[in-house]
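The structure file input.cif is reproduced below (mmCIF, C-alpha atoms).
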```cif
data_upload
loop_
_atom_site.label_atom_id
_atom_site.label_comp_id
_atom_site.auth_asym_id
_atom_site.auth_seq_id
_atom_site.Cartn_x
_atom_site.Cartn_y
_atom_site.Cartn_z
CA MET A 1 -27.98 -53.94 -93.27
CA ASN A 2 -24.32 -54.79 -93.20
CA LYS A 3 -22.99 -57.17 -95.83
CA LYS A 4 -20.01 -59.39 -95.22
CA ALA A 5 -17.11 -59.11 -97.62
CA GLY A 6 -16.81 -62.09 -99.95
CA PRO A 7 -13.63 -64.02 -100.73
CA LEU A 8 -13.16 -62.05 -103.96
CA PHE A 9 -12.82 -58.87 -101.93
CA TYR A 10 -9.97 -60.34 -99.88
CA VAL A 11 -8.25 -61.57 -103.05
CA PHE A 12 -8.32 -58.07 -104.55
CA LEU A 13 -7.23 -56.62 -101.20
CA ALA A 14 -4.26 -58.99 -101.02
CA VAL A 15 -3.26 -58.17 -104.60
CA PHE A 16 -3.56 -54.45 -103.91
CA VAL A 17 -1.43 -54.65 -100.75
CA PHE A 18 1.18 -56.73 -102.57
CA VAL A 19 1.39 -54.25 -105.47
CA VAL A 20 1.72 -51.31 -103.08
CA MET A 21 4.33 -53.05 -100.91
CA PHE A 22 6.26 -54.68 -103.76
CA PRO A 23 8.87 -51.90 -104.24
CA PHE A 24 9.65 -51.83 -100.52
CA LEU A 25 9.77 -55.64 -100.27
CA TRP A 26 12.11 -55.80 -103.25
CA MET A 27 14.30 -53.13 -101.67
CA LEU A 28 14.34 -55.10 -98.42
CA ALA A 29 15.35 -58.27 -100.24
CA SER A 30 18.10 -56.44 -102.13
CA SER A 31 19.48 -54.95 -98.92
CA ILE A 32 20.38 -58.38 -97.50
CA LYS A 33 21.84 -59.82 -100.71
CA PRO A 34 25.60 -60.09 -101.22
CA LEU A 35 27.09 -58.14 -104.09
CA SER A 36 27.37 -61.24 -106.30
CA GLU A 37 23.56 -61.70 -106.25
CA LEU A 38 22.65 -58.11 -107.10
CA PHE A 39 23.62 -58.59 -110.73
CA GLY A 40 23.12 -61.34 -113.30
CA GLU A 41 20.43 -64.02 -113.16
CA LYS A 42 20.11 -64.00 -109.36
CA ALA A 43 19.23 -60.30 -109.40
CA PHE A 44 15.68 -61.19 -110.49
CA SER A 45 15.15 -63.54 -107.56
CA PRO A 46 13.48 -62.09 -104.44
CA PHE A 47 15.32 -64.65 -102.28
CA THR A 48 18.94 -65.16 -101.39
CA SER A 49 20.83 -68.21 -100.23
CA ASN A 50 23.44 -66.12 -98.42
CA PRO A 51 21.73 -63.30 -96.51
CA THR A 52 24.07 -60.71 -95.08
CA LEU A 53 23.91 -57.48 -93.07
CA GLN A 54 27.12 -56.16 -94.57
CA ASN A 55 25.23 -53.56 -96.60
CA TYR A 56 23.75 -52.10 -93.42
CA VAL A 57 27.14 -52.06 -91.73
CA SER A 58 28.71 -50.36 -94.74
CA VAL A 59 26.03 -47.65 -94.76
CA PHE A 60 27.01 -46.49 -91.28
CA VAL A 61 30.75 -47.17 -91.54
CA ASP A 62 31.65 -46.00 -95.05
CA TYR A 63 29.31 -43.01 -95.26
CA PRO A 64 28.32 -40.18 -92.87
CA PHE A 65 24.82 -41.64 -92.77
CA LEU A 66 24.18 -40.73 -89.12
CA ARG A 67 24.94 -37.12 -90.04
CA TYR A 68 22.40 -37.30 -92.88
CA LEU A 69 19.80 -38.72 -90.50
CA TRP A 70 20.46 -35.97 -87.97
CA ASN A 71 20.20 -33.25 -90.62
CA SER A 72 16.89 -34.61 -91.87
CA PHE A 73 15.55 -34.94 -88.34
CA VAL A 74 16.50 -31.36 -87.40
CA VAL A 75 15.14 -29.81 -90.58
CA ALA A 76 11.94 -31.88 -90.65
CA GLY A 77 11.34 -31.43 -86.92
CA ILE A 78 11.76 -27.64 -86.87
CA THR A 79 9.75 -27.30 -90.08
CA THR A 80 6.93 -29.34 -88.56
CA VAL A 81 6.76 -27.35 -85.32
CA TYR A 82 6.93 -23.96 -87.05
CA THR A 83 4.52 -24.87 -89.86
CA VAL A 84 1.89 -26.35 -87.54
CA LEU A 85 2.13 -23.38 -85.18
CA VAL A 86 1.66 -20.81 -87.96
CA ALA A 87 -0.96 -22.90 -89.76
CA SER A 88 -3.03 -23.34 -86.59
CA PHE A 89 -3.24 -19.56 -86.05
CA ALA A 90 -4.02 -18.87 -89.70
CA ALA A 91 -6.58 -21.67 -89.95
CA TYR A 92 -8.31 -20.53 -86.76
CA ALA A 93 -8.63 -16.99 -88.09
CA ILE A 94 -10.00 -18.18 -91.43
CA ALA A 95 -12.39 -20.74 -89.94
CA ARG A 96 -13.68 -18.94 -86.84
CA LEU A 97 -13.35 -15.18 -87.33
CA ASN A 98 -15.44 -12.94 -89.57
CA PHE A 99 -13.54 -10.65 -91.93
CA ARG A 100 -13.68 -9.71 -95.57
CA GLY A 101 -11.89 -11.68 -98.23
CA LYS A 102 -11.66 -15.06 -96.48
CA PRO A 103 -12.39 -17.09 -99.64
CA ILE A 104 -9.82 -15.06 -101.57
CA ILE A 105 -7.17 -15.57 -98.90
CA LEU A 106 -7.85 -19.30 -98.72
CA GLY A 107 -7.70 -19.53 -102.52
CA VAL A 108 -4.39 -17.65 -102.66
CA VAL A 109 -2.94 -19.88 -99.94
CA LEU A 110 -3.96 -23.01 -101.83
CA SER A 111 -2.71 -21.66 -105.17
CA VAL A 112 0.81 -21.35 -103.73
CA SER A 113 1.02 -25.13 -103.44
CA MET A 114 0.16 -25.53 -107.14
CA PHE A 115 3.47 -24.09 -108.37
CA PRO A 116 5.91 -26.84 -109.36
CA GLN A 117 9.11 -26.87 -107.33
CA ILE A 118 11.28 -26.64 -110.44
CA ALA A 119 9.66 -23.28 -111.25
CA THR A 120 10.43 -21.79 -107.84
CA ILE A 121 13.85 -23.26 -107.10
CA SER A 122 15.82 -20.55 -108.94
CA PRO A 123 14.36 -17.46 -107.22
CA ILE A 124 14.39 -19.19 -103.85
CA TYR A 125 18.02 -20.21 -104.29
CA ILE A 126 19.03 -16.67 -105.32
CA PHE A 127 17.16 -15.23 -102.34
CA LEU A 128 18.81 -17.61 -99.87
CA LYS A 129 22.22 -17.15 -101.52
CA ASN A 130 22.02 -13.36 -101.11
CA LEU A 131 21.10 -13.82 -97.44
CA GLY A 132 23.95 -16.27 -96.89
CA LEU A 133 21.57 -19.07 -95.88
CA THR A 134 22.75 -21.75 -98.28
CA ASN A 135 24.42 -24.73 -96.60
CA SER A 136 22.46 -24.22 -93.41
CA TYR A 137 19.43 -25.69 -91.68
CA LEU A 138 17.50 -22.44 -92.01
CA GLY A 139 18.12 -22.47 -95.75
CA LEU A 140 15.95 -25.60 -96.00
CA ILE A 141 13.44 -24.76 -93.28
CA ILE A 142 12.28 -21.60 -95.10
CA PRO A 143 11.37 -23.26 -98.45
CA TYR A 144 10.02 -26.36 -96.68
CA THR A 145 7.66 -24.12 -94.74
CA THR A 146 6.57 -22.51 -98.00
CA ILE A 147 5.79 -25.94 -99.43
CA THR A 148 3.96 -27.42 -96.46
CA LEU A 149 2.13 -24.38 -95.05
CA PRO A 150 -0.68 -24.11 -97.66
CA LEU A 151 -1.81 -27.74 -97.28
CA SER A 152 -1.52 -27.48 -93.49
CA ILE A 153 -3.77 -24.43 -93.40
CA TRP A 154 -6.29 -26.11 -95.69
CA ILE A 155 -6.48 -29.24 -93.54
CA LEU A 156 -6.77 -27.32 -90.27
CA VAL A 157 -9.41 -24.94 -91.62
CA THR A 158 -11.58 -27.94 -92.41
CA PHE A 159 -11.02 -29.34 -88.93
CA PHE A 160 -11.62 -26.05 -87.08
CA ARG A 161 -14.92 -25.58 -88.92
CA LYS A 162 -16.13 -28.90 -87.54
CA ILE A 163 -15.81 -27.72 -83.93
CA PRO A 164 -19.21 -26.41 -82.68
CA PHE A 165 -19.39 -22.63 -82.40
CA ASP A 166 -21.52 -22.99 -79.24
CA LEU A 167 -18.43 -23.96 -77.23
CA GLU A 168 -16.63 -20.82 -78.29
CA GLU A 169 -19.62 -18.62 -77.54
CA ALA A 170 -20.02 -20.23 -74.11
CA ALA A 171 -16.38 -19.49 -73.30
CA ARG A 172 -16.81 -15.84 -74.30
CA ILE A 173 -19.93 -15.53 -72.14
CA ASP A 174 -17.89 -16.85 -69.21
CA GLY A 175 -15.43 -14.00 -69.77
CA ALA A 176 -12.69 -15.79 -71.69
CA SER A 177 -10.67 -13.69 -74.09
CA LEU A 178 -10.05 -14.67 -77.69
CA TRP A 179 -6.59 -15.97 -76.73
CA GLN A 180 -7.95 -18.00 -73.80
CA THR A 181 -10.74 -19.40 -75.96
CA TYR A 182 -8.22 -20.51 -78.55
CA TRP A 183 -5.84 -22.24 -76.14
CA LYS A 184 -8.29 -23.69 -73.60
CA VAL A 185 -11.31 -24.55 -75.75
CA ILE A 186 -10.39 -24.84 -79.43
CA MET A 187 -6.88 -26.29 -79.22
CA PRO A 188 -7.74 -29.36 -77.09
CA LEU A 189 -10.53 -30.26 -79.53
CA ALA A 190 -8.29 -29.69 -82.55
CA VAL A 191 -5.48 -31.99 -81.37
CA PRO A 192 -6.36 -34.85 -83.80
CA GLY A 193 -6.28 -32.50 -86.79
CA ILE A 194 -3.08 -30.81 -85.62
CA PHE A 195 -1.47 -34.19 -84.97
CA THR A 196 -2.41 -35.38 -88.46
CA THR A 197 -1.08 -32.21 -90.04
CA ALA A 198 2.19 -32.54 -88.11
CA ILE A 199 2.74 -36.09 -89.38
CA LEU A 200 2.07 -35.12 -93.00
CA VAL A 201 4.37 -32.10 -92.76
CA PHE A 202 7.15 -34.17 -91.18
CA ILE A 203 6.94 -36.84 -93.89
CA ALA A 204 6.94 -34.21 -96.66
CA ALA A 205 9.98 -32.44 -95.19
CA TRP A 206 11.77 -35.73 -94.50
CA ASN A 207 11.39 -36.95 -98.09
CA GLU A 208 12.00 -33.65 -99.96
CA PHE A 209 14.84 -33.90 -102.45
CA LEU A 210 15.07 -31.03 -104.96
CA PHE A 211 15.55 -28.12 -102.55
CA ALA A 212 17.90 -30.17 -100.36
CA LEU A 213 20.01 -31.06 -103.40
CA THR A 214 20.21 -27.49 -104.69
CA ILE A 215 20.49 -25.37 -101.55
CA ASN A 216 22.74 -27.47 -99.30
CA THR A 217 25.69 -28.66 -101.35
CA ALA A 218 28.09 -29.10 -98.42
CA ASP A 219 28.32 -32.66 -97.18
CA LYS A 220 27.88 -31.43 -93.61
CA TYR A 221 24.30 -30.28 -94.29
CA LYS A 222 23.04 -32.93 -96.71
CA THR A 223 19.80 -34.67 -95.81
CA VAL A 224 19.02 -38.37 -96.13
CA PRO A 225 17.39 -38.34 -99.62
CA VAL A 226 20.33 -36.43 -101.09
CA GLY A 227 22.88 -38.51 -99.20
CA ILE A 228 21.43 -41.77 -100.51
CA ALA A 229 21.24 -40.42 -104.06
CA LEU A 230 24.94 -39.55 -103.94
CA PHE A 231 26.07 -42.99 -102.80
CA GLN A 232 28.54 -44.10 -105.43
CA GLY A 233 31.50 -46.36 -105.87
CA GLN A 234 34.52 -45.95 -108.08
CA PHE A 235 33.00 -47.74 -111.04
CA THR A 236 29.46 -48.75 -110.08
CA ILE A 237 26.57 -47.64 -107.92
CA PRO A 238 26.43 -49.70 -104.67
CA TRP A 239 22.82 -50.83 -104.99
CA GLY A 240 23.04 -53.03 -101.91
CA GLU A 241 24.01 -50.11 -99.72
CA VAL A 242 21.44 -47.85 -101.38
CA SER A 243 18.77 -50.46 -100.63
CA ALA A 244 19.91 -50.81 -97.02
CA ALA A 245 19.92 -47.04 -96.47
CA THR A 246 16.45 -46.77 -98.02
CA VAL A 247 15.10 -49.44 -95.69
CA VAL A 248 16.65 -47.72 -92.65
CA VAL A 249 15.04 -44.41 -93.62
CA THR A 250 11.64 -45.85 -94.56
CA ILE A 251 10.96 -48.18 -91.62
CA PRO A 252 10.57 -45.40 -89.00
CA LEU A 253 8.06 -43.59 -91.22
CA VAL A 254 6.10 -46.79 -91.85
CA ILE A 255 6.01 -47.60 -88.12
CA MET A 256 4.90 -44.05 -87.29
CA VAL A 257 2.08 -44.14 -89.84
CA LEU A 258 0.90 -47.57 -88.68
CA ILE A 259 0.86 -46.47 -85.03
CA PHE A 260 -1.01 -43.24 -85.70
CA GLN A 261 -3.10 -44.30 -88.69
CA ARG A 262 -6.38 -43.73 -86.85
CA ARG A 263 -5.46 -40.16 -86.04
CA ILE A 264 -4.32 -39.57 -89.62
CA VAL A 265 -7.57 -40.89 -91.10
CA SER A 266 -9.61 -38.98 -88.51
CA GLY A 267 -7.85 -35.74 -89.33
CA LEU A 268 -8.05 -36.18 -93.12
CA THR A 269 -11.74 -37.08 -93.12
CA SER A 270 -12.84 -34.46 -90.59
CA GLY A 271 -15.52 -32.26 -92.02
CA SER A 272 -16.08 -34.50 -95.05
CA VAL A 273 -19.46 -35.67 -93.74
CA LYS A 274 -22.04 -33.18 -92.51
CA GLU A 275 -23.77 -34.03 -89.26
#
```
This entry written out as structure tokens:
Amino acid sequence: MNKKAGPLFYVFLAVFVFVVMFPFLWMLASSIKPLSELFGEKAFSPFTSNPTLQNYVSVFVDYPFLRYLWNSFVVAGITTVYTVLVASFAAYAIARLNFRGKPIILGVVLSVSMFPQIATISPIYIFLKNLGLTNSYLGLIIPYTTITLPLSIWILVTFFRKIPFDLEEAARIDGASLWQTYWKVIMPLAVPGIFTTAILVFIAAWNEFLFALTINTADKYKTVPVGIALFQGQFTIPWGEVSAATVVVTIPLVIMVLIFQRRIVSGLTSGSVKE
């Protein structure tokens, strides 16, 4: 029997949503304030009597912000495509094929993601420096793949295991090879999980800061998080422009998550309930 949610539930829900959205709303309010209202008593007010878009104009005029956006898009996009492609093959092998040591392999893959970035940044930087890959897109794509691949494999393994084995066996009886079975039977059914994984990988690569700050020091290859962090004036930090740049970067991700939230939830919860 289904129970209707009471008014107290909606009160807690509203409070929860407000707490979660408060930092972004405050950033949005700060982005349209003039400089005189970002400091002093008016800085604590979420409203402004003189809204302005000057901060947004300054972001694109006074800084190479479009270049930062392009760098982040290229790095995050290539990382997403490559990671999902490799993770799908690896997850399929772990979930559907029989071979020794599968639990060990899956455990090793997951353990890689447990290392803190600060512990791996030095050897990765030295490795990329010796290969001449610093200040390049590939110099970020390689460590980003290392970061995102373990979680991608883990998510896709769970999703592949949910697909009935009868479909695969039927395809083999009909004469389909392992490759044909993968592309024509398994892949179409795994699209929600792959789509979810791709979104999570893209967001992780888009927001990564430490590797981007350390590996790409040239302004030509800086990504959005690093570019925003290095916004600075002669004597003060331009908080209005920082807020405007943050809003510009965040809104596309928020819109993407809201549009595809059903696919994300479906992919994350796949295999959590046994049929």
Residues in the PyMOL selection byres ((chain A and resi 246-249) around 12), expressed as number ranges by chain: A: 23-32, 55-57, 59-60, 65-66, 68-70, 72-73, 203, 206-207, 223-229, 231, 239-245, 250-256
Within 12 Å of Gln117 of chain A, counting all atoms listed in the file, which residues qualify if same-chain residues fewer than 4 places away don't, as a compact mmCIF listing (two decimals) with C-alpha atoms, keeping the file's coordinate frame?
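Result file follows (out-v8.txt):
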```txt
# COMPACT_ATOMS: atom_id res chain seq x y z
CA VAL A 112 0.81 -21.35 -103.73
CA SER A 113 1.02 -25.13 -103.44
CA ILE A 121 13.85 -23.26 -107.10
CA SER A 122 15.82 -20.55 -108.94
CA PRO A 123 14.36 -17.46 -107.22
CA ILE A 124 14.39 -19.19 -103.85
CA TYR A 125 18.02 -20.21 -104.29
CA PRO A 143 11.37 -23.26 -98.45
CA TYR A 144 10.02 -26.36 -96.68
CA THR A 146 6.57 -22.51 -98.00
CA ILE A 147 5.79 -25.94 -99.43
CA GLU A 208 12.00 -33.65 -99.96
CA PHE A 209 14.84 -33.90 -102.45
CA LEU A 210 15.07 -31.03 -104.96
CA PHE A 211 15.55 -28.12 -102.55
CA ALA A 212 17.90 -30.17 -100.36
CA THR A 214 20.21 -27.49 -104.69
```
What are the closest atom pairs, with distances in Å to one decimal, for all residues of segment 46-112 of chain A lying within 12 Å of segment 148-156 of chain A? Consider all atoms listed in the file, order rows by chain and residue number, and present the result as CSV.
```
residue,atom,partner,partner_atom,distance
A:Ala76,CA,A:Thr148,CA,10.8
A:Thr79,CA,A:Thr148,CA,8.6
A:Thr80,CA,A:Thr148,CA,8.7
A:Val81,CA,A:Leu149,CA,11.2
A:Tyr82,CA,A:Leu149,CA,9.3
A:Thr83,CA,A:Leu149,CA,5.7
A:Val84,CA,A:Ser152,CA,7.0
A:Leu85,CA,A:Leu149,CA,9.9
A:Val86,CA,A:Leu149,CA,8.0
A:Ala87,CA,A:Ile153,CA,4.8
A:Ser88,CA,A:Leu156,CA,6.6
A:Phe89,CA,A:Ile153,CA,8.8
A:Ala90,CA,A:Ile153,CA,6.7
A:Ala91,CA,A:Ile153,CA,5.2
A:Tyr92,CA,A:Leu156,CA,7.8
A:Ala93,CA,A:Ile153,CA,10.4
A:Ile94,CA,A:Ile153,CA,9.0
A:Ala95,CA,A:Leu156,CA,8.7
A:Arg96,CA,A:Leu156,CA,11.4
A:Pro103,CA,A:Trp154,CA,11.6
A:Ile105,CA,A:Pro150,CA,10.8
A:Leu106,CA,A:Trp154,CA,7.6
A:Gly107,CA,A:Trp154,CA,9.6
A:Val108,CA,A:Pro150,CA,9.0
A:Val109,CA,A:Pro150,CA,5.3
A:Leu110,CA,A:Pro150,CA,5.4
A:Ser111,CA,A:Pro150,CA,8.2
A:Val112,CA,A:Pro150,CA,6.8
```
For atom CA of Phe18 of chain A and atom CA of Pro46 of chain A, the interatomic separation in Å (one decimal):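 Between atom CA of Phe18 of chain A and atom CA of Pro46 of chain A the gap is 13.5 Å.
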Point (-1.2, -32.7, -90.7) neighbourhood (8 Å, all atoms listed in the file) written as a PyMOL selection string: chain A and resi 84+152+155-156+193-201+264+267
Requested write-out: C-alpha atoms of the selected residues, as a CSV table (one decimal), in the coordinates of the input:
```csv
chain,number,residue,atom,x,y,z
A,84,VAL,CA,1.9,-26.4,-87.5
A,152,SER,CA,-1.5,-27.5,-93.5
A,155,ILE,CA,-6.5,-29.2,-93.5
A,156,LEU,CA,-6.8,-27.3,-90.3
A,193,GLY,CA,-6.3,-32.5,-86.8
A,194,ILE,CA,-3.1,-30.8,-85.6
A,195,PHE,CA,-1.5,-34.2,-85.0
A,196,THR,CA,-2.4,-35.4,-88.5
A,197,THR,CA,-1.1,-32.2,-90.0
A,198,ALA,CA,2.2,-32.5,-88.1
A,199,ILE,CA,2.7,-36.1,-89.4
A,200,LEU,CA,2.1,-35.1,-93.0
A,201,VAL,CA,4.4,-32.1,-92.8
A,264,ILE,CA,-4.3,-39.6,-89.6
A,267,GLY,CA,-7.8,-35.7,-89.3
```
Point-to-point distance from atom CA of Gly139 of chain A to atom CA of Thr120 of chain A, Å rounded to tenths: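 A separation of 14.3 Å between them.
Minimum atom-to-atom distances from A:Asn130, A:Met21, A:Leu230, A:Ile186 to Leu213 of chain A were compared using all atoms listed in the file, and the lowest value belongs to A:Leu230.
For the pair atom CA of Asn135 of chain A and atom CA of Pro64 of chain A, the separation is 16.4 Å.
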Output of the PyMOL selection byres ((chain A and resi 189) around 12), listed as a PyMOL selection string: chain A and resi 156+159-164+167-168+181-188+190-195+267
Starting from the structure just given, write a file holding segment 110-121 of chain A with all heavy atoms, as a PDB file, in the first residue's frame.
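Final file, out01.pdb:
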```
ATOM      1  N   LEU A 110      39.935  -1.829  -8.900  1.00  0.00           N
ATOM      2  CA  LEU A 110      39.282  -0.916  -7.958  1.00  0.00           C
ATOM      3  C   LEU A 110      40.285  -0.292  -6.999  1.00  0.00           C
ATOM      4  O   LEU A 110      40.139   0.870  -6.609  1.00  0.00           O
ATOM      5  CB  LEU A 110      38.198  -1.666  -7.172  1.00  0.00           C
ATOM      6  CG  LEU A 110      37.317  -0.810  -6.257  1.00  0.00           C
ATOM      7  CD1 LEU A 110      36.547   0.221  -7.071  1.00  0.00           C
ATOM      8  CD2 LEU A 110      36.350  -1.684  -5.469  1.00  0.00           C
ATOM      9  N   SER A 111      41.320  -1.040  -6.624  1.00  0.00           N
ATOM     10  CA  SER A 111      42.307  -0.505  -5.677  1.00  0.00           C
ATOM     11  C   SER A 111      43.095   0.663  -6.269  1.00  0.00           C
ATOM     12  O   SER A 111      43.595   1.511  -5.529  1.00  0.00           O
ATOM     13  CB  SER A 111      43.268  -1.609  -5.250  1.00  0.00           C
ATOM     14  OG  SER A 111      44.052  -2.050  -6.348  1.00  0.00           O
ATOM     15  N   VAL A 112      43.207   0.704  -7.601  1.00  0.00           N
ATOM     16  CA  VAL A 112      43.928   1.815  -8.239  1.00  0.00           C
ATOM     17  C   VAL A 112      43.259   3.144  -7.932  1.00  0.00           C
ATOM     18  O   VAL A 112      43.927   4.168  -7.739  1.00  0.00           O
ATOM     19  CB  VAL A 112      43.997   1.588  -9.764  1.00  0.00           C
ATOM     20  CG1 VAL A 112      44.578   2.811 -10.468  1.00  0.00           C
ATOM     21  CG2 VAL A 112      44.829   0.351 -10.083  1.00  0.00           C
ATOM     22  N   SER A 113      41.930   3.139  -7.881  1.00  0.00           N
ATOM     23  CA  SER A 113      41.196   4.383  -7.626  1.00  0.00           C
ATOM     24  C   SER A 113      41.294   4.836  -6.178  1.00  0.00           C
ATOM     25  O   SER A 113      40.855   5.939  -5.854  1.00  0.00           O
ATOM     26  CB  SER A 113      39.723   4.204  -8.007  1.00  0.00           C
ATOM     27  OG  SER A 113      39.110   3.207  -7.201  1.00  0.00           O
ATOM     28  N   MET A 114      41.842   3.999  -5.299  1.00  0.00           N
ATOM     29  CA  MET A 114      41.927   4.362  -3.879  1.00  0.00           C
ATOM     30  C   MET A 114      43.151   5.206  -3.560  1.00  0.00           C
ATOM     31  O   MET A 114      43.229   5.798  -2.491  1.00  0.00           O
ATOM     32  CB  MET A 114      41.940   3.089  -3.018  1.00  0.00           C
ATOM     33  CG  MET A 114      40.671   2.261  -3.122  1.00  0.00           C
ATOM     34  SD  MET A 114      40.723   0.785  -2.102  1.00  0.00           S
ATOM     35  CE  MET A 114      39.130   0.038  -2.507  1.00  0.00           C
ATOM     36  N   PHE A 115      44.123   5.260  -4.474  1.00  0.00           N
ATOM     37  CA  PHE A 115      45.319   6.068  -4.229  1.00  0.00           C
ATOM     38  C   PHE A 115      44.969   7.548  -4.331  1.00  0.00           C
ATOM     39  O   PHE A 115      44.350   7.977  -5.303  1.00  0.00           O
ATOM     40  CB  PHE A 115      46.411   5.733  -5.243  1.00  0.00           C
ATOM     41  CG  PHE A 115      47.048   4.391  -5.027  1.00  0.00           C
ATOM     42  CD1 PHE A 115      46.584   3.283  -5.713  1.00  0.00           C
ATOM     43  CD2 PHE A 115      48.100   4.245  -4.135  1.00  0.00           C
ATOM     44  CE1 PHE A 115      47.162   2.044  -5.521  1.00  0.00           C
ATOM     45  CE2 PHE A 115      48.683   3.010  -3.940  1.00  0.00           C
ATOM     46  CZ  PHE A 115      48.221   1.906  -4.633  1.00  0.00           C
ATOM     47  N   PRO A 116      45.361   8.347  -3.355  1.00  0.00           N
ATOM     48  CA  PRO A 116      45.105   9.794  -3.457  1.00  0.00           C
ATOM     49  C   PRO A 116      45.931  10.406  -4.583  1.00  0.00           C
ATOM     50  O   PRO A 116      47.060   9.975  -4.853  1.00  0.00           O
ATOM     51  CB  PRO A 116      45.544  10.319  -2.081  1.00  0.00           C
ATOM     52  CG  PRO A 116      46.507   9.303  -1.568  1.00  0.00           C
ATOM     53  CD  PRO A 116      46.044   7.981  -2.110  1.00  0.00           C
ATOM     54  N   GLN A 117      45.376  11.407  -5.234  1.00  0.00           N
ATOM     55  CA  GLN A 117      46.061  12.029  -6.359  1.00  0.00           C
ATOM     56  C   GLN A 117      47.412  12.625  -5.955  1.00  0.00           C
ATOM     57  O   GLN A 117      48.375  12.571  -6.726  1.00  0.00           O
ATOM     58  CB  GLN A 117      45.180  13.109  -6.975  1.00  0.00           C
ATOM     59  CG  GLN A 117      43.953  12.579  -7.691  1.00  0.00           C
ATOM     60  CD  GLN A 117      43.196  13.689  -8.396  1.00  0.00           C
ATOM     61  OE1 GLN A 117      43.640  14.827  -8.457  1.00  0.00           O
ATOM     62  NE2 GLN A 117      42.040  13.359  -8.930  1.00  0.00           N
ATOM     63  N   ILE A 118      47.472  13.177  -4.765  1.00  0.00           N
ATOM     64  CA  ILE A 118      48.704  13.831  -4.322  1.00  0.00           C
ATOM     65  C   ILE A 118      49.844  12.833  -4.206  1.00  0.00           C
ATOM     66  O   ILE A 118      51.020  13.198  -4.308  1.00  0.00           O
ATOM     67  CB  ILE A 118      48.475  14.558  -2.975  1.00  0.00           C
ATOM     68  CG1 ILE A 118      49.613  15.531  -2.667  1.00  0.00           C
ATOM     69  CG2 ILE A 118      48.287  13.547  -1.857  1.00  0.00           C
ATOM     70  CD1 ILE A 118      49.719  16.664  -3.633  1.00  0.00           C
ATOM     71  N   ALA A 119      49.514  11.544  -3.999  1.00  0.00           N
ATOM     72  CA  ALA A 119      50.549  10.514  -3.874  1.00  0.00           C
ATOM     73  C   ALA A 119      51.058  10.043  -5.226  1.00  0.00           C
ATOM     74  O   ALA A 119      52.140   9.460  -5.321  1.00  0.00           O
ATOM     75  CB  ALA A 119      50.016   9.330  -3.080  1.00  0.00           C
ATOM     76  N   THR A 120      50.294  10.273  -6.272  1.00  0.00           N
ATOM     77  CA  THR A 120      50.677   9.792  -7.604  1.00  0.00           C
ATOM     78  C   THR A 120      51.127  10.910  -8.545  1.00  0.00           C
ATOM     79  O   THR A 120      51.631  10.623  -9.625  1.00  0.00           O
ATOM     80  CB  THR A 120      49.489   9.053  -8.256  1.00  0.00           C
ATOM     81  OG1 THR A 120      48.374   9.950  -8.385  1.00  0.00           O
ATOM     82  CG2 THR A 120      49.076   7.852  -7.411  1.00  0.00           C
ATOM     83  N   ILE A 121      50.947  12.149  -8.148  1.00  0.00           N
ATOM     84  CA  ILE A 121      51.233  13.254  -9.055  1.00  0.00           C
ATOM     85  C   ILE A 121      52.719  13.345  -9.398  1.00  0.00           C
ATOM     86  O   ILE A 121      53.084  13.619 -10.550  1.00  0.00           O
ATOM     87  CB  ILE A 121      50.742  14.593  -8.447  1.00  0.00           C
ATOM     88  CG1 ILE A 121      50.897  15.729  -9.448  1.00  0.00           C
ATOM     89  CG2 ILE A 121      51.453  14.896  -7.137  1.00  0.00           C
ATOM     90  CD1 ILE A 121      50.033  15.584 -10.657  1.00  0.00           C
TER      91      ILE A 121
END
```
